[in-house]
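Colleague: So that you have it, the file is query.cif, and it contains mmCIF, C-alpha atoms:
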```
data_target
#
loop_
_atom_site.label_atom_id
_atom_site.label_comp_id
_atom_site.auth_asym_id
_atom_site.auth_seq_id
_atom_site.Cartn_x
_atom_site.Cartn_y
_atom_site.Cartn_z
CA ASN A 43 12.18 -4.55 7.05
CA SER A 44 8.64 -4.00 8.27
CA LYS A 45 7.76 -5.09 11.78
CA VAL A 46 4.01 -4.88 11.36
CA ILE A 47 2.47 -8.14 12.55
CA GLN A 48 -0.81 -9.42 11.19
CA THR A 49 -2.72 -12.47 12.38
CA PRO A 50 -3.99 -14.81 11.17
CA ARG A 51 -2.30 -15.12 7.78
CA TYR A 52 -5.25 -17.08 6.41
CA LEU A 53 -8.92 -16.98 7.38
CA VAL A 54 -11.73 -19.08 5.92
CA LYS A 55 -15.34 -18.24 6.75
CA GLY A 56 -18.79 -19.15 5.55
CA GLN A 57 -21.17 -16.50 4.33
CA GLY A 58 -22.80 -14.67 7.22
CA GLN A 59 -20.02 -15.54 9.67
CA LYS A 60 -17.90 -13.04 11.54
CA ALA A 61 -14.32 -12.61 10.43
CA LYS A 62 -11.79 -10.92 12.69
CA MET A 63 -8.18 -10.07 12.00
CA ARG A 64 -5.55 -8.32 14.08
CA CYS A 65 -2.59 -6.04 13.56
CA ILE A 66 0.27 -4.88 15.74
CA PRO A 67 1.78 -1.72 14.22
CA GLU A 68 5.45 -0.82 14.32
CA LYS A 69 6.54 0.62 17.62
CA GLY A 70 6.36 4.41 17.59
CA HIS A 71 3.92 4.59 14.67
CA PRO A 72 0.75 6.38 15.79
CA VAL A 73 -1.15 6.05 12.48
CA VAL A 74 -2.62 2.71 11.40
CA PHE A 75 -4.33 1.94 8.10
CA TRP A 76 -6.46 -0.94 6.87
CA TYR A 77 -6.73 -1.72 3.16
CA GLN A 78 -8.50 -4.35 1.13
CA GLN A 79 -6.50 -5.64 -1.85
CA ASN A 80 -8.44 -7.44 -4.57
CA LYS A 81 -7.32 -10.03 -7.12
CA ASN A 82 -6.31 -7.23 -9.49
CA ASN A 83 -3.88 -5.93 -6.86
CA GLU A 84 -5.87 -2.73 -6.38
CA PHE A 85 -5.89 -1.12 -2.95
CA LYS A 86 -9.12 -0.05 -1.34
CA PHE A 87 -8.70 2.13 1.73
CA LEU A 88 -11.01 1.07 4.56
CA ILE A 89 -10.13 3.05 7.67
CA ASN A 90 -7.28 4.70 9.50
CA PHE A 91 -6.54 5.65 13.07
CA GLN A 92 -4.27 8.01 14.88
CA ASN A 93 -3.61 6.42 18.22
CA GLN A 94 -7.12 5.27 19.19
CA GLU A 95 -9.10 7.81 17.17
CA VAL A 96 -10.64 7.17 13.74
CA LEU A 97 -9.32 9.65 11.17
CA GLN A 98 -11.29 8.56 8.13
CA GLN A 99 -13.34 5.58 7.02
CA ILE A 100 -15.30 4.69 3.91
CA ASP A 101 -19.03 4.02 3.81
CA MET A 102 -18.54 0.28 3.45
CA THR A 103 -16.64 0.21 6.70
CA GLU A 104 -19.44 1.97 8.50
CA LYS A 105 -21.97 -0.73 7.66
CA ARG A 106 -20.59 -4.27 8.09
CA PHE A 107 -17.02 -3.57 8.99
CA SER A 108 -15.84 -2.43 12.38
CA ALA A 109 -12.34 -1.61 13.50
CA GLU A 110 -10.57 -0.39 16.59
CA CYS A 111 -7.08 0.36 17.85
CA PRO A 112 -7.25 0.22 21.67
CA SER A 113 -4.25 1.36 23.64
CA ASN A 114 -1.89 -1.45 24.65
CA SER A 115 -3.75 -3.99 22.50
CA PRO A 116 -3.58 -5.04 18.85
CA CYS A 117 -5.67 -3.17 16.34
CA SER A 118 -8.47 -5.23 14.83
CA LEU A 119 -10.73 -5.29 11.80
CA GLU A 120 -13.93 -7.31 11.98
CA ILE A 121 -16.51 -8.11 9.35
CA GLN A 122 -19.81 -8.73 11.07
CA SER A 123 -21.45 -10.83 8.37
CA SER A 124 -19.04 -12.03 5.69
CA GLU A 125 -20.03 -12.00 2.05
CA ALA A 126 -18.36 -13.70 -0.92
CA GLY A 127 -17.28 -10.31 -2.22
CA ASP A 128 -15.26 -9.74 0.95
CA SER A 129 -12.74 -12.39 -0.11
CA ALA A 130 -9.49 -10.47 -0.45
CA LEU A 131 -6.14 -9.74 1.13
CA TYR A 132 -6.52 -7.38 4.08
CA LEU A 133 -3.45 -5.28 4.66
CA CYS A 134 -2.55 -3.34 7.77
CA ALA A 135 0.04 -0.57 7.56
CA SER A 136 1.47 1.89 10.04
CA SER A 137 3.31 5.17 9.72
CA ARG A 138 4.45 8.23 11.62
CA GLY A 139 1.87 10.29 9.73
CA ARG A 140 2.65 11.81 6.36
CA GLU A 141 5.68 9.62 5.88
CA GLU A 142 5.99 6.22 4.22
CA GLN A 143 3.85 3.33 5.35
CA TYR A 144 5.06 -0.03 6.54
CA PHE A 145 2.85 -2.97 5.72
CA GLY A 146 2.26 -6.31 7.35
CA PRO A 147 2.07 -9.52 5.31
CA GLY A 148 -1.72 -9.37 5.20
CA THR A 149 -4.58 -11.66 6.15
CA ARG A 150 -5.98 -13.65 3.23
CA LEU A 151 -9.75 -13.97 3.78
CA THR A 152 -11.73 -16.53 1.83
CA VAL A 153 -15.51 -16.50 2.19
CA LEU A 154 -17.07 -19.72 0.97
CA GLY B 44 -9.23 14.99 -5.62
CA ASP B 45 -5.76 13.48 -5.71
CA SER B 46 -5.00 10.78 -8.27
CA VAL B 47 -2.10 8.61 -9.42
CA THR B 48 -1.90 7.06 -12.88
CA GLN B 49 0.41 4.20 -13.73
CA THR B 50 0.33 3.76 -17.46
CA GLU B 51 1.55 0.19 -17.67
CA GLY B 52 -0.51 -2.57 -16.14
CA GLN B 53 2.05 -5.23 -17.02
CA VAL B 54 5.66 -5.12 -18.17
CA ALA B 55 7.64 -8.10 -19.42
CA LEU B 56 11.42 -7.81 -19.77
CA SER B 57 14.51 -9.96 -20.03
CA GLU B 58 17.33 -9.85 -17.51
CA GLU B 59 19.65 -6.84 -17.94
CA ASP B 60 16.96 -4.85 -19.78
CA PHE B 61 16.28 -1.24 -18.84
CA LEU B 62 13.09 -0.65 -16.88
CA THR B 63 10.77 2.33 -16.94
CA ILE B 64 7.40 2.37 -15.19
CA HIS B 65 5.49 5.58 -15.72
CA CYS B 66 3.75 7.37 -12.87
CA ASN B 67 1.85 10.64 -13.22
CA TYR B 68 -0.02 12.35 -10.45
CA SER B 69 -2.63 15.03 -9.93
CA ALA B 70 -2.61 16.96 -6.68
CA SER B 71 -2.28 20.46 -5.36
CA GLY B 72 0.83 21.74 -3.70
CA TYR B 73 3.87 19.56 -3.10
CA PRO B 74 2.72 16.09 -2.09
CA ALA B 75 5.29 13.50 -1.13
CA LEU B 76 5.66 10.77 -3.74
CA PHE B 77 6.49 7.15 -3.00
CA TRP B 78 7.30 3.87 -4.71
CA TYR B 79 6.39 0.54 -3.11
CA VAL B 80 7.11 -3.01 -4.26
CA GLN B 81 5.07 -6.11 -3.49
CA TYR B 82 6.50 -9.58 -3.95
CA PRO B 83 4.20 -12.60 -4.23
CA GLY B 84 2.75 -13.65 -0.90
CA GLU B 85 3.97 -10.54 0.93
CA GLY B 86 2.72 -7.11 1.86
CA PRO B 87 4.02 -4.06 -0.01
CA GLN B 88 7.44 -2.74 0.97
CA PHE B 89 8.46 0.88 0.94
CA LEU B 90 11.09 1.43 -1.75
CA PHE B 91 11.85 5.17 -1.56
CA ARG B 92 10.29 8.64 -1.55
CA ALA B 93 10.83 12.19 -2.76
CA SER B 94 9.28 15.32 -1.30
CA ARG B 95 10.23 18.27 -3.51
CA ASP B 96 10.72 19.20 -7.12
CA LYS B 97 13.84 17.67 -8.78
CA GLU B 98 14.58 15.48 -5.75
CA LYS B 99 15.72 11.98 -6.68
CA GLY B 100 14.81 8.98 -4.60
CA SER B 101 16.63 5.70 -4.97
CA SER B 102 17.02 2.25 -3.47
CA ARG B 103 18.26 -1.17 -4.60
CA GLY B 104 19.22 0.19 -8.03
CA PHE B 105 15.81 1.75 -8.64
CA GLU B 106 15.41 5.49 -8.91
CA ALA B 107 12.84 8.17 -9.69
CA THR B 108 12.94 11.95 -9.89
CA TYR B 109 10.15 14.20 -8.67
CA ASP B 110 9.12 16.41 -11.60
CA LYS B 111 6.50 18.99 -10.73
CA GLY B 112 6.50 20.42 -14.24
CA THR B 113 5.34 17.17 -15.81
CA THR B 114 3.70 15.89 -12.57
CA SER B 115 5.65 12.66 -12.88
CA PHE B 116 7.68 10.28 -10.75
CA HIS B 117 8.76 7.56 -13.19
CA LEU B 118 10.52 4.48 -11.83
CA ARG B 119 13.70 3.40 -13.60
CA LYS B 120 16.31 0.71 -13.26
CA ALA B 121 19.26 0.27 -15.59
CA SER B 122 19.48 -3.53 -15.51
CA VAL B 123 16.69 -5.68 -14.12
CA GLN B 124 17.08 -9.13 -12.62
CA GLU B 125 14.64 -12.01 -12.37
CA SER B 126 14.36 -11.29 -8.64
CA ASP B 127 12.86 -7.87 -9.46
CA SER B 128 9.68 -9.58 -10.64
CA ALA B 129 6.96 -8.04 -8.48
CA VAL B 130 4.14 -5.50 -8.50
CA TYR B 131 5.23 -1.86 -8.22
CA TYR B 132 3.02 0.88 -6.84
CA CYS B 133 3.39 4.62 -7.11
CA ALA B 134 1.73 6.55 -4.29
CA LEU B 135 1.02 10.13 -3.34
CA GLY B 136 1.03 11.36 0.23
CA HIS B 137 -1.99 13.32 1.35
CA SER B 138 -1.31 16.79 2.63
CA GLY B 139 -4.41 16.81 4.80
CA GLY B 140 -4.74 15.77 8.40
CA ASN B 141 -6.14 12.31 7.70
CA TYR B 142 -2.85 11.04 6.18
CA LYS B 143 -4.67 8.85 3.66
CA PRO B 144 -2.37 8.28 0.66
CA THR B 145 -3.46 7.64 -2.90
CA PHE B 146 -2.05 4.54 -4.61
CA GLY B 147 -1.78 3.83 -8.29
CA LYS B 148 -3.24 0.60 -9.65
CA GLY B 149 0.13 -1.10 -9.73
CA THR B 150 2.39 -2.39 -12.49
CA SER B 151 3.21 -6.08 -12.63
CA LEU B 152 6.81 -6.64 -13.71
CA VAL B 153 7.89 -10.04 -15.00
CA VAL B 154 11.58 -10.50 -15.75
CA HIS B 155 12.53 -13.55 -17.79
CA PRO B 156 15.95 -15.17 -17.30
#
```
Would you give me this structure, written as structure tokens?
Modeller:
Amino acid sequence: NSKVIQTPRYLVKGQGQKAKMRCIPEKGHPVVFWYQQNKNNEFKFLINFQNQEVLQQIDMTEKRFSAECPSNSPCSLEIQSSEAGDSALYLCASSRGREEQYFGPGTRLTVL
Amino acid sequence: GDSVTQTEGQVALSEEDFLTIHCNYSASGYPALFWYVQYPGEGPQFLFRASRDKEKGSSRGFEATYDKGTTSFHLRKASVQESDSAVYYCALGHSGGNYKPTFGKGTSLVVHP
């Protein structure tokens, strides 16, 4: 069973507000991923880290989204100015690298 | 680039039916292949993986065989139960240094009692 912890489980924001969510990866997993899952269950990769360093991120992440994985603190994903289209399930996953990923339960963001 | 195609968007079966969910991939070399399952209200769970041609992965009665010739990794189960109702994802592991996998669009399985 996955031991990835995500908080909060639910987040409700108004348009233009900041939305921040956190993730504690499984112990011993140096690689952390953030995904956005839409209502059609499709995954959209946002960003990943190895230890504290960004490995890859998409253009969307570079504009309104910011993320970090500081040492000895939870990883976080923040949307600077929420839009209605950001409403989705945000999933955090961790892995040892090229191996399988372990997912948290997700943070359900609703932007009103 | 890498891609994963799951043919079925939705599958509806009755209990004890045989399940097949098709997964085909496009990638160079020998990528690792994975199946994940996502139950309502939860994050995806790793089901099993295979890393080389003809290797069979299995878990909880589900199985799939890595077939490089047909670039496939089809998920099968001999007798489904209502509790197997979930969304199933096929995924391909990236061989590059950024570790970013490629997921299929998912197949929603509904098993009727």
Colleague: Could you tell me, as a list in words, exactly which residues end up selected when the PyMOL selection byres ((chain A) within 8 of (chain B)) is applied to this structure?
Modeller: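 On the file shown, the PyMOL selection byres ((chain A) within 8 of (chain B)) covers Asn43, Ser44, Asn83, Glu84, Phe85, Asn90, Leu97, Gln98, Leu133, Gly139, Arg140, Glu141, Glu142, Gln143, Tyr144, Phe145, Gly146, Pro147 and Gly148 of chain A.
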Colleague: Please measure the separation of CA of Arg95 (chain B) and CA of Phe75 (chain A), giving the value in Å to one decimal.
Modeller: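 Those two atoms sit 24.8 Å apart.
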Colleague: Spell out the residues picked by the PyMOL selection byres ((chain A and resi 94) around 7) here, as a list in words.
Modeller: Phe91, Gln92, Asn93, Glu95, Val96, Cys111, Pro112 and Ser113 of chain A
Colleague: Which value, in Å to one decimal, gives the distance between CA of Gln122 (chain A) and CA of Phe87 (chain A)?
Modeller: 18.1 Å
Colleague: Rank B:Ala107, B:Ala70, B:Leu62, B:Cys133 by their smallest atom-to-atom distance to Ala121 (chain B), using only C-alpha atoms, and report the top residue only.
Modeller: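 For Ala121 (chain B), the nearest of the given residues is B:Leu62.
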